[in-house]
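Reviewing the structure listed below.
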Amino acid sequence: MKAAKTEPAADSTLTSPPARVQVWFTQAPDPKLTKLEVAGPAGAVKLNGFKVNDDKSVVAAVEGTLANGRYTVRWQSAGDDGHVQKGEFAFSVKQAN
């Protein structure tokens with residue numbers, strides 16, 4: 001099981017903070033073993049409304065507004081074989097002053 005696509009895109013620089021974080025997988029994720037975490041310059045980012053979707057994705061809303069800086073999204077999930085996989089990707093927020 002691998003992450004097929006992410007939103008925000010891995011290594012992207014955003015001009016405004018994202019409202020949500022979403023990861024699409026190559027297999028349907030097991031809801032019991034799947035989680036998302038986001039960390040940035042000020043530490044852990046609060047996520048809200050975590051959901052496993054029918055399109056093999058997981059999504060969570062970002063609570064509050066993210067300041068400029070680099071953010072790392074860590075995910076954990078398991079697919080059809082039950083083997084837990086972990087991964088991460090990063091994005092940056094750089095808003096105009």
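Chain lettering (A, B, ...) mirrors the order of the structure tokens, residue numbering begins at 1 for each chain separately, and ligand numbering begins at 1 in order of display.
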
For Gln76 in chain A, work out the shell of residues within 8 Å, counting only C-alpha atoms and skipping chain neighbours fewer than 4 positions away, then give it as a short mmCIF file (atom, residue, chain, number, x, y, z; two decimals) with C-alpha atoms, in the first residue's frame.
```cif
data_model
loop_
_atom_site.label_atom_id
_atom_site.label_comp_id
_atom_site.auth_asym_id
_atom_site.auth_seq_id
_atom_site.Cartn_x
_atom_site.Cartn_y
_atom_site.Cartn_z
CA LEU A 33 -5.59 1.30 11.34
CA THR A 34 -5.54 4.58 9.44
CA LYS A 35 -4.53 7.96 10.81
CA LEU A 36 -3.19 11.35 9.71
CA VAL A 84 0.59 -1.52 8.37
CA GLN A 85 2.40 1.00 6.20
CA LYS A 86 3.62 4.45 7.17
CA GLY A 87 4.71 7.40 5.11
#
```

_DSSP strand (DSSP E or B) residues within chain A, listed as a ChimeraX atom specification_ = /A:3-7,13-14,20-25,35-40,43-45,47-52,57-62,69-78,84-93

Write out as a PDB file with all heavy atoms, in the first residue's frame which residues come within 12 Å of Trp75 in chain A when counting only C-alpha atoms, dropping same-chain ones fewer than 2 positions away.
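Wrote it out as out26.pdb, contents follow:
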```pdb
ATOM      1  N   MET A   1       0.846  -1.178   0.000  1.00  0.00           N
ATOM      2  CA  MET A   1       0.000   0.000   0.000  1.00  0.00           C
ATOM      3  C   MET A   1       0.886   1.233   0.000  1.00  0.00           C
ATOM      4  O   MET A   1       1.789   1.346   0.797  1.00  0.00           O
ATOM      5  CB  MET A   1      -0.889  -0.023   1.235  1.00  0.00           C
ATOM      6  CG  MET A   1      -1.648   1.250   1.440  1.00  0.00           C
ATOM      7  SD  MET A   1      -2.875   1.024   2.709  1.00  0.00           S
ATOM      8  CE  MET A   1      -4.172   1.941   1.996  1.00  0.00           C
ATOM      9  N   LYS A   2       0.585   2.127  -0.919  1.00  0.00           N
ATOM     10  CA  LYS A   2       1.345   3.367  -1.028  1.00  0.00           C
ATOM     11  C   LYS A   2       0.385   4.529  -1.204  1.00  0.00           C
ATOM     12  O   LYS A   2      -0.752   4.354  -1.626  1.00  0.00           O
ATOM     13  CB  LYS A   2       2.279   3.327  -2.234  1.00  0.00           C
ATOM     14  CG  LYS A   2       3.384   2.312  -2.130  1.00  0.00           C
ATOM     15  CD  LYS A   2       4.292   2.399  -3.325  1.00  0.00           C
ATOM     16  CE  LYS A   2       5.431   1.418  -3.182  1.00  0.00           C
ATOM     17  NZ  LYS A   2       6.374   1.521  -4.265  1.00  0.00           N
ATOM     18  N   ALA A   3       0.893   5.726  -0.898  1.00  0.00           N
ATOM     19  CA  ALA A   3       0.120   6.931  -1.180  1.00  0.00           C
ATOM     20  C   ALA A   3       0.265   7.209  -2.668  1.00  0.00           C
ATOM     21  O   ALA A   3       1.370   7.331  -3.190  1.00  0.00           O
ATOM     22  CB  ALA A   3       0.641   8.098  -0.359  1.00  0.00           C
ATOM     23  N   THR A   6      -1.480  13.159  -3.058  1.00  0.00           N
ATOM     24  CA  THR A   6      -1.738  13.899  -1.825  1.00  0.00           C
ATOM     25  C   THR A   6      -2.257  15.293  -2.149  1.00  0.00           C
ATOM     26  O   THR A   6      -2.000  15.831  -3.225  1.00  0.00           O
ATOM     27  CB  THR A   6      -0.466  14.043  -0.969  1.00  0.00           C
ATOM     28  OG1 THR A   6       0.502  14.820  -1.681  1.00  0.00           O
ATOM     29  CG2 THR A   6       0.117  12.688  -0.600  1.00  0.00           C
ATOM     30  N   VAL A  21      -6.381  18.211   4.515  1.00  0.00           N
ATOM     31  CA  VAL A  21      -5.297  17.350   4.065  1.00  0.00           C
ATOM     32  C   VAL A  21      -5.947  16.050   3.602  1.00  0.00           C
ATOM     33  O   VAL A  21      -6.810  15.505   4.292  1.00  0.00           O
ATOM     34  CB  VAL A  21      -4.292  17.077   5.209  1.00  0.00           C
ATOM     35  CG1 VAL A  21      -3.250  16.068   4.801  1.00  0.00           C
ATOM     36  CG2 VAL A  21      -3.633  18.375   5.653  1.00  0.00           C
ATOM     37  N   GLN A  22      -5.541  15.567   2.417  1.00  0.00           N
ATOM     38  CA  GLN A  22      -6.131  14.342   1.877  1.00  0.00           C
ATOM     39  C   GLN A  22      -5.044  13.483   1.251  1.00  0.00           C
ATOM     40  O   GLN A  22      -4.135  13.994   0.600  1.00  0.00           O
ATOM     41  CB  GLN A  22      -7.205  14.683   0.841  1.00  0.00           C
ATOM     42  CG  GLN A  22      -8.030  13.499   0.406  1.00  0.00           C
ATOM     43  CD  GLN A  22      -9.318  13.921  -0.300  1.00  0.00           C
ATOM     44  OE1 GLN A  22      -9.564  15.089  -0.548  1.00  0.00           O
ATOM     45  NE2 GLN A  22     -10.153  12.939  -0.606  1.00  0.00           N
ATOM     46  N   VAL A  23      -5.143  12.175   1.480  1.00  0.00           N
ATOM     47  CA  VAL A  23      -4.198  11.209   0.912  1.00  0.00           C
ATOM     48  C   VAL A  23      -4.991  10.111   0.229  1.00  0.00           C
ATOM     49  O   VAL A  23      -5.902   9.535   0.824  1.00  0.00           O
ATOM     50  CB  VAL A  23      -3.291  10.593   2.009  1.00  0.00           C
ATOM     51  CG1 VAL A  23      -2.317   9.591   1.406  1.00  0.00           C
ATOM     52  CG2 VAL A  23      -2.538  11.677   2.773  1.00  0.00           C
ATOM     53  N   TRP A  24      -4.656   9.845  -1.041  1.00  0.00           N
ATOM     54  CA  TRP A  24      -5.259   8.747  -1.795  1.00  0.00           C
ATOM     55  C   TRP A  24      -4.274   7.589  -1.807  1.00  0.00           C
ATOM     56  O   TRP A  24      -3.075   7.791  -2.027  1.00  0.00           O
ATOM     57  CB  TRP A  24      -5.549   9.169  -3.231  1.00  0.00           C
ATOM     58  CG  TRP A  24      -6.704  10.085  -3.384  1.00  0.00           C
ATOM     59  CD1 TRP A  24      -7.987   9.742  -3.706  1.00  0.00           C
ATOM     60  CD2 TRP A  24      -6.709  11.518  -3.254  1.00  0.00           C
ATOM     61  NE1 TRP A  24      -8.775  10.865  -3.783  1.00  0.00           N
ATOM     62  CE2 TRP A  24      -8.011  11.969  -3.501  1.00  0.00           C
ATOM     63  CE3 TRP A  24      -5.721  12.458  -2.939  1.00  0.00           C
ATOM     64  CZ2 TRP A  24      -8.364  13.303  -3.449  1.00  0.00           C
ATOM     65  CZ3 TRP A  24      -6.069  13.790  -2.880  1.00  0.00           C
ATOM     66  CH2 TRP A  24      -7.375  14.201  -3.140  1.00  0.00           C
ATOM     67  N   PHE A  25      -4.772   6.383  -1.610  1.00  0.00           N
ATOM     68  CA  PHE A  25      -3.932   5.193  -1.546  1.00  0.00           C
ATOM     69  C   PHE A  25      -4.164   4.269  -2.738  1.00  0.00           C
ATOM     70  O   PHE A  25      -5.170   4.389  -3.438  1.00  0.00           O
ATOM     71  CB  PHE A  25      -4.204   4.426  -0.245  1.00  0.00           C
ATOM     72  CG  PHE A  25      -3.829   5.195   0.987  1.00  0.00           C
ATOM     73  CD1 PHE A  25      -4.794   5.823   1.748  1.00  0.00           C
ATOM     74  CD2 PHE A  25      -2.504   5.304   1.383  1.00  0.00           C
ATOM     75  CE1 PHE A  25      -4.460   6.542   2.886  1.00  0.00           C
ATOM     76  CE2 PHE A  25      -2.149   6.017   2.514  1.00  0.00           C
ATOM     77  CZ  PHE A  25      -3.126   6.638   3.263  1.00  0.00           C
ATOM     78  N   PRO A  29      -8.035   1.904   2.320  1.00  0.00           N
ATOM     79  CA  PRO A  29      -7.444   1.901   3.664  1.00  0.00           C
ATOM     80  C   PRO A  29      -8.379   1.301   4.712  1.00  0.00           C
ATOM     81  O   PRO A  29      -9.594   1.461   4.636  1.00  0.00           O
ATOM     82  CB  PRO A  29      -7.192   3.390   3.937  1.00  0.00           C
ATOM     83  CG  PRO A  29      -8.115   4.120   3.050  1.00  0.00           C
ATOM     84  CD  PRO A  29      -8.357   3.247   1.859  1.00  0.00           C
ATOM     85  N   LEU A  33      -7.044   1.166  11.254  1.00  0.00           N
ATOM     86  CA  LEU A  33      -5.591   1.302  11.342  1.00  0.00           C
ATOM     87  C   LEU A  33      -5.057   2.566  10.680  1.00  0.00           C
ATOM     88  O   LEU A  33      -3.843   2.746  10.582  1.00  0.00           O
ATOM     89  CB  LEU A  33      -4.921   0.077  10.702  1.00  0.00           C
ATOM     90  CG  LEU A  33      -5.264  -1.272  11.339  1.00  0.00           C
ATOM     91  CD1 LEU A  33      -4.700  -2.414  10.516  1.00  0.00           C
ATOM     92  CD2 LEU A  33      -4.748  -1.338  12.764  1.00  0.00           C
ATOM     93  N   THR A  34      -5.955   3.419  10.222  1.00  0.00           N
ATOM     94  CA  THR A  34      -5.544   4.581   9.442  1.00  0.00           C
ATOM     95  C   THR A  34      -5.587   5.847  10.280  1.00  0.00           C
ATOM     96  O   THR A  34      -6.538   6.077  11.029  1.00  0.00           O
ATOM     97  CB  THR A  34      -6.455   4.737   8.213  1.00  0.00           C
ATOM     98  OG1 THR A  34      -6.378   3.530   7.449  1.00  0.00           O
ATOM     99  CG2 THR A  34      -6.023   5.899   7.343  1.00  0.00           C
ATOM    100  N   LYS A  35      -4.532   6.672  10.135  1.00  0.00           N
ATOM    101  CA  LYS A  35      -4.528   7.964  10.810  1.00  0.00           C
ATOM    102  C   LYS A  35      -3.675   8.966  10.043  1.00  0.00           C
ATOM    103  O   LYS A  35      -2.819   8.588   9.238  1.00  0.00           O
ATOM    104  CB  LYS A  35      -4.060   7.844  12.254  1.00  0.00           C
ATOM    105  CG  LYS A  35      -2.655   7.335  12.432  1.00  0.00           C
ATOM    106  CD  LYS A  35      -2.346   7.210  13.913  1.00  0.00           C
ATOM    107  CE  LYS A  35      -0.983   6.583  14.133  1.00  0.00           C
ATOM    108  NZ  LYS A  35      -0.653   6.467  15.547  1.00  0.00           N
ATOM    109  N   LEU A  36      -3.941  10.238  10.291  1.00  0.00           N
ATOM    110  CA  LEU A  36      -3.189  11.353   9.712  1.00  0.00           C
ATOM    111  C   LEU A  36      -2.726  12.252  10.842  1.00  0.00           C
ATOM    112  O   LEU A  36      -3.476  12.486  11.799  1.00  0.00           O
ATOM    113  CB  LEU A  36      -4.074  12.200   8.791  1.00  0.00           C
ATOM    114  CG  LEU A  36      -4.437  11.696   7.420  1.00  0.00           C
ATOM    115  CD1 LEU A  36      -5.403  12.662   6.749  1.00  0.00           C
ATOM    116  CD2 LEU A  36      -3.198  11.544   6.565  1.00  0.00           C
ATOM    117  N   GLU A  37      -1.513  12.776  10.718  1.00  0.00           N
ATOM    118  CA  GLU A  37      -0.985  13.763  11.654  1.00  0.00           C
ATOM    119  C   GLU A  37      -0.280  14.831  10.839  1.00  0.00           C
ATOM    120  O   GLU A  37       0.352  14.526   9.825  1.00  0.00           O
ATOM    121  CB  GLU A  37       0.022  13.138  12.612  1.00  0.00           C
ATOM    122  CG  GLU A  37      -0.547  12.064  13.507  1.00  0.00           C
ATOM    123  CD  GLU A  37       0.526  11.377  14.344  1.00  0.00           C
ATOM    124  OE1 GLU A  37       1.739  11.583  14.078  1.00  0.00           O
ATOM    125  OE2 GLU A  37       0.159  10.639  15.254  1.00  0.00           O
ATOM    126  N   VAL A  38      -0.371  16.077  11.281  1.00  0.00           N
ATOM    127  CA  VAL A  38       0.322  17.181  10.629  1.00  0.00           C
ATOM    128  C   VAL A  38       1.109  17.929  11.700  1.00  0.00           C
ATOM    129  O   VAL A  38       0.573  18.234  12.773  1.00  0.00           O
ATOM    130  CB  VAL A  38      -0.655  18.148   9.931  1.00  0.00           C
ATOM    131  CG1 VAL A  38       0.095  19.289   9.268  1.00  0.00           C
ATOM    132  CG2 VAL A  38      -1.507  17.405   8.900  1.00  0.00           C
ATOM    133  N   ALA A  39       2.363  18.226  11.412  1.00  0.00           N
ATOM    134  CA  ALA A  39       3.200  19.004  12.321  1.00  0.00           C
ATOM    135  C   ALA A  39       3.858  20.128  11.544  1.00  0.00           C
ATOM    136  O   ALA A  39       4.208  19.969  10.372  1.00  0.00           O
ATOM    137  CB  ALA A  39       4.255  18.115  12.964  1.00  0.00           C
ATOM    138  N   SER A  57      -9.338   7.118  -0.251  1.00  0.00           N
ATOM    139  CA  SER A  57      -8.645   8.255   0.341  1.00  0.00           C
ATOM    140  C   SER A  57      -9.066   8.458   1.788  1.00  0.00           C
ATOM    141  O   SER A  57     -10.091   7.951   2.238  1.00  0.00           O
ATOM    142  CB  SER A  57      -8.902   9.532  -0.455  1.00  0.00           C
ATOM    143  OG  SER A  57     -10.200  10.038  -0.213  1.00  0.00           O
ATOM    144  N   VAL A  58      -8.234   9.215   2.503  1.00  0.00           N
ATOM    145  CA  VAL A  58      -8.563   9.686   3.843  1.00  0.00           C
ATOM    146  C   VAL A  58      -8.421  11.201   3.820  1.00  0.00           C
ATOM    147  O   VAL A  58      -7.574  11.747   3.108  1.00  0.00           O
ATOM    148  CB  VAL A  58      -7.672   9.052   4.930  1.00  0.00           C
ATOM    149  CG1 VAL A  58      -7.923   7.564   5.029  1.00  0.00           C
ATOM    150  CG2 VAL A  58      -6.213   9.328   4.690  1.00  0.00           C
ATOM    151  N   VAL A  59      -9.259  11.872   4.588  1.00  0.00           N
ATOM    152  CA  VAL A  59      -9.253  13.332   4.595  1.00  0.00           C
ATOM    153  C   VAL A  59      -9.534  13.830   6.007  1.00  0.00           C
ATOM    154  O   VAL A  59     -10.239  13.175   6.772  1.00  0.00           O
ATOM    155  CB  VAL A  59     -10.293  13.892   3.582  1.00  0.00           C
ATOM    156  CG1 VAL A  59     -11.707  13.528   3.975  1.00  0.00           C
ATOM    157  CG2 VAL A  59     -10.129  15.382   3.400  1.00  0.00           C
ATOM    158  N   ALA A  60      -8.954  14.976   6.328  1.00  0.00           N
ATOM    159  CA  ALA A  60      -9.237  15.650   7.595  1.00  0.00           C
ATOM    160  C   ALA A  60      -9.136  17.147   7.365  1.00  0.00           C
ATOM    161  O   ALA A  60      -8.282  17.623   6.606  1.00  0.00           O
ATOM    162  CB  ALA A  60      -8.260  15.210   8.674  1.00  0.00           C
ATOM    163  N   THR A  72       4.823  18.897   7.831  1.00  0.00           N
ATOM    164  CA  THR A  72       5.001  17.489   7.493  1.00  0.00           C
ATOM    165  C   THR A  72       3.718  16.735   7.829  1.00  0.00           C
ATOM    166  O   THR A  72       3.203  16.847   8.946  1.00  0.00           O
ATOM    167  CB  THR A  72       6.181  16.877   8.278  1.00  0.00           C
ATOM    168  OG1 THR A  72       7.369  17.613   7.956  1.00  0.00           O
ATOM    169  CG2 THR A  72       6.381  15.409   7.923  1.00  0.00           C
ATOM    170  N   VAL A  73       3.214  16.000   6.850  1.00  0.00           N
ATOM    171  CA  VAL A  73       2.026  15.158   7.041  1.00  0.00           C
ATOM    172  C   VAL A  73       2.520  13.725   7.169  1.00  0.00           C
ATOM    173  O   VAL A  73       3.235  13.221   6.293  1.00  0.00           O
ATOM    174  CB  VAL A  73       1.059  15.273   5.840  1.00  0.00           C
ATOM    175  CG1 VAL A  73      -0.155  14.373   6.051  1.00  0.00           C
ATOM    176  CG2 VAL A  73       0.640  16.717   5.623  1.00  0.00           C
ATOM    177  N   SER A  77      -1.561   3.497   7.544  1.00  0.00           N
ATOM    178  CA  SER A  77      -2.729   2.776   7.070  1.00  0.00           C
ATOM    179  C   SER A  77      -2.365   1.320   6.804  1.00  0.00           C
ATOM    180  O   SER A  77      -1.205   0.935   6.892  1.00  0.00           O
ATOM    181  CB  SER A  77      -3.274   3.422   5.792  1.00  0.00           C
ATOM    182  OG  SER A  77      -4.541   2.869   5.497  1.00  0.00           O
ATOM    183  N   ALA A  78      -3.361   0.555   6.488  1.00  0.00           N
ATOM    184  CA  ALA A  78      -3.179  -0.840   6.079  1.00  0.00           C
ATOM    185  C   ALA A  78      -4.169  -1.126   4.969  1.00  0.00           C
ATOM    186  O   ALA A  78      -5.280  -0.609   4.966  1.00  0.00           O
ATOM    187  CB  ALA A  78      -3.400  -1.791   7.242  1.00  0.00           C
ATOM    188  N   VAL A  84       0.583  -2.963   8.106  1.00  0.00           N
ATOM    189  CA  VAL A  84       0.586  -1.522   8.367  1.00  0.00           C
ATOM    190  C   VAL A  84       1.745  -0.852   7.630  1.00  0.00           C
ATOM    191  O   VAL A  84       2.884  -1.312   7.682  1.00  0.00           O
ATOM    192  CB  VAL A  84       0.687  -1.248   9.882  1.00  0.00           C
ATOM    193  CG1 VAL A  84       0.821   0.243  10.157  1.00  0.00           C
ATOM    194  CG2 VAL A  84      -0.541  -1.810  10.602  1.00  0.00           C
ATOM    195  N   GLN A  85       1.412   0.203   6.923  1.00  0.00           N
ATOM    196  CA  GLN A  85       2.404   0.999   6.198  1.00  0.00           C
ATOM    197  C   GLN A  85       2.370   2.416   6.754  1.00  0.00           C
ATOM    198  O   GLN A  85       1.321   2.900   7.176  1.00  0.00           O
ATOM    199  CB  GLN A  85       2.058   1.049   4.705  1.00  0.00           C
ATOM    200  CG  GLN A  85       2.087  -0.285   4.013  1.00  0.00           C
ATOM    201  CD  GLN A  85       3.507  -0.760   3.754  1.00  0.00           C
ATOM    202  OE1 GLN A  85       4.392   0.026   3.485  1.00  0.00           O
ATOM    203  NE2 GLN A  85       3.702  -2.058   3.862  1.00  0.00           N
ATOM    204  N   LYS A  86       3.530   3.063   6.719  1.00  0.00           N
ATOM    205  CA  LYS A  86       3.617   4.450   7.167  1.00  0.00           C
ATOM    206  C   LYS A  86       4.346   5.255   6.108  1.00  0.00           C
ATOM    207  O   LYS A  86       5.161   4.720   5.354  1.00  0.00           O
ATOM    208  CB  LYS A  86       4.386   4.542   8.484  1.00  0.00           C
ATOM    209  CG  LYS A  86       3.688   3.858   9.633  1.00  0.00           C
ATOM    210  CD  LYS A  86       4.497   3.974  10.903  1.00  0.00           C
ATOM    211  CE  LYS A  86       3.773   3.269  12.039  1.00  0.00           C
ATOM    212  NZ  LYS A  86       4.469   3.410  13.315  1.00  0.00           N
ATOM    213  N   GLY A  87       4.036   6.532   6.056  1.00  0.00           N
ATOM    214  CA  GLY A  87       4.713   7.402   5.114  1.00  0.00           C
ATOM    215  C   GLY A  87       4.534   8.850   5.526  1.00  0.00           C
ATOM    216  O   GLY A  87       3.835   9.159   6.493  1.00  0.00           O
ATOM    217  N   GLU A  88       5.191   9.720   4.800  1.00  0.00           N
ATOM    218  CA  GLU A  88       5.051  11.145   5.075  1.00  0.00           C
ATOM    219  C   GLU A  88       5.365  11.955   3.830  1.00  0.00           C
ATOM    220  O   GLU A  88       5.997  11.453   2.901  1.00  0.00           O
ATOM    221  CB  GLU A  88       5.955  11.583   6.231  1.00  0.00           C
ATOM    222  CG  GLU A  88       7.427  11.482   5.964  1.00  0.00           C
ATOM    223  CD  GLU A  88       8.259  11.958   7.154  1.00  0.00           C
ATOM    224  OE1 GLU A  88       7.952  11.608   8.299  1.00  0.00           O
ATOM    225  OE2 GLU A  88       9.245  12.678   6.911  1.00  0.00           O
ATOM    226  N   PHE A  89       4.882  13.189   3.837  1.00  0.00           N
ATOM    227  CA  PHE A  89       5.208  14.141   2.793  1.00  0.00           C
ATOM    228  C   PHE A  89       5.171  15.525   3.416  1.00  0.00           C
ATOM    229  O   PHE A  89       4.627  15.710   4.511  1.00  0.00           O
ATOM    230  CB  PHE A  89       4.251  14.030   1.593  1.00  0.00           C
ATOM    231  CG  PHE A  89       2.829  14.401   1.880  1.00  0.00           C
ATOM    232  CD1 PHE A  89       2.364  15.691   1.630  1.00  0.00           C
ATOM    233  CD2 PHE A  89       1.932  13.473   2.389  1.00  0.00           C
ATOM    234  CE1 PHE A  89       1.047  16.037   1.882  1.00  0.00           C
ATOM    235  CE2 PHE A  89       0.612  13.812   2.645  1.00  0.00           C
ATOM    236  CZ  PHE A  89       0.165  15.096   2.385  1.00  0.00           C
ATOM    237  N   ALA A  90       5.755  16.482   2.747  1.00  0.00           N
ATOM    238  CA  ALA A  90       5.817  17.839   3.285  1.00  0.00           C
ATOM    239  C   ALA A  90       5.281  18.834   2.272  1.00  0.00           C
ATOM    240  O   ALA A  90       5.275  18.585   1.066  1.00  0.00           O
ATOM    241  CB  ALA A  90       7.254  18.190   3.654  1.00  0.00           C
TER     242      ALA A  90
END
```

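Using only C-alpha atoms for every distance, the candidate list A:Val62, A:Asn53, A:Ala96, A:Arg74 yields A:Val62 as the residue closest to Ala19 in chain A.
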
*asked:* Which residues are close to Leu66 in chain A, i.e. within 9 Å by only C-alpha atoms, leaving aside same-chain residues fewer than 5 positions away? Reply as number ranges by chain.
replied: A: 16-18, 40, 45, 93
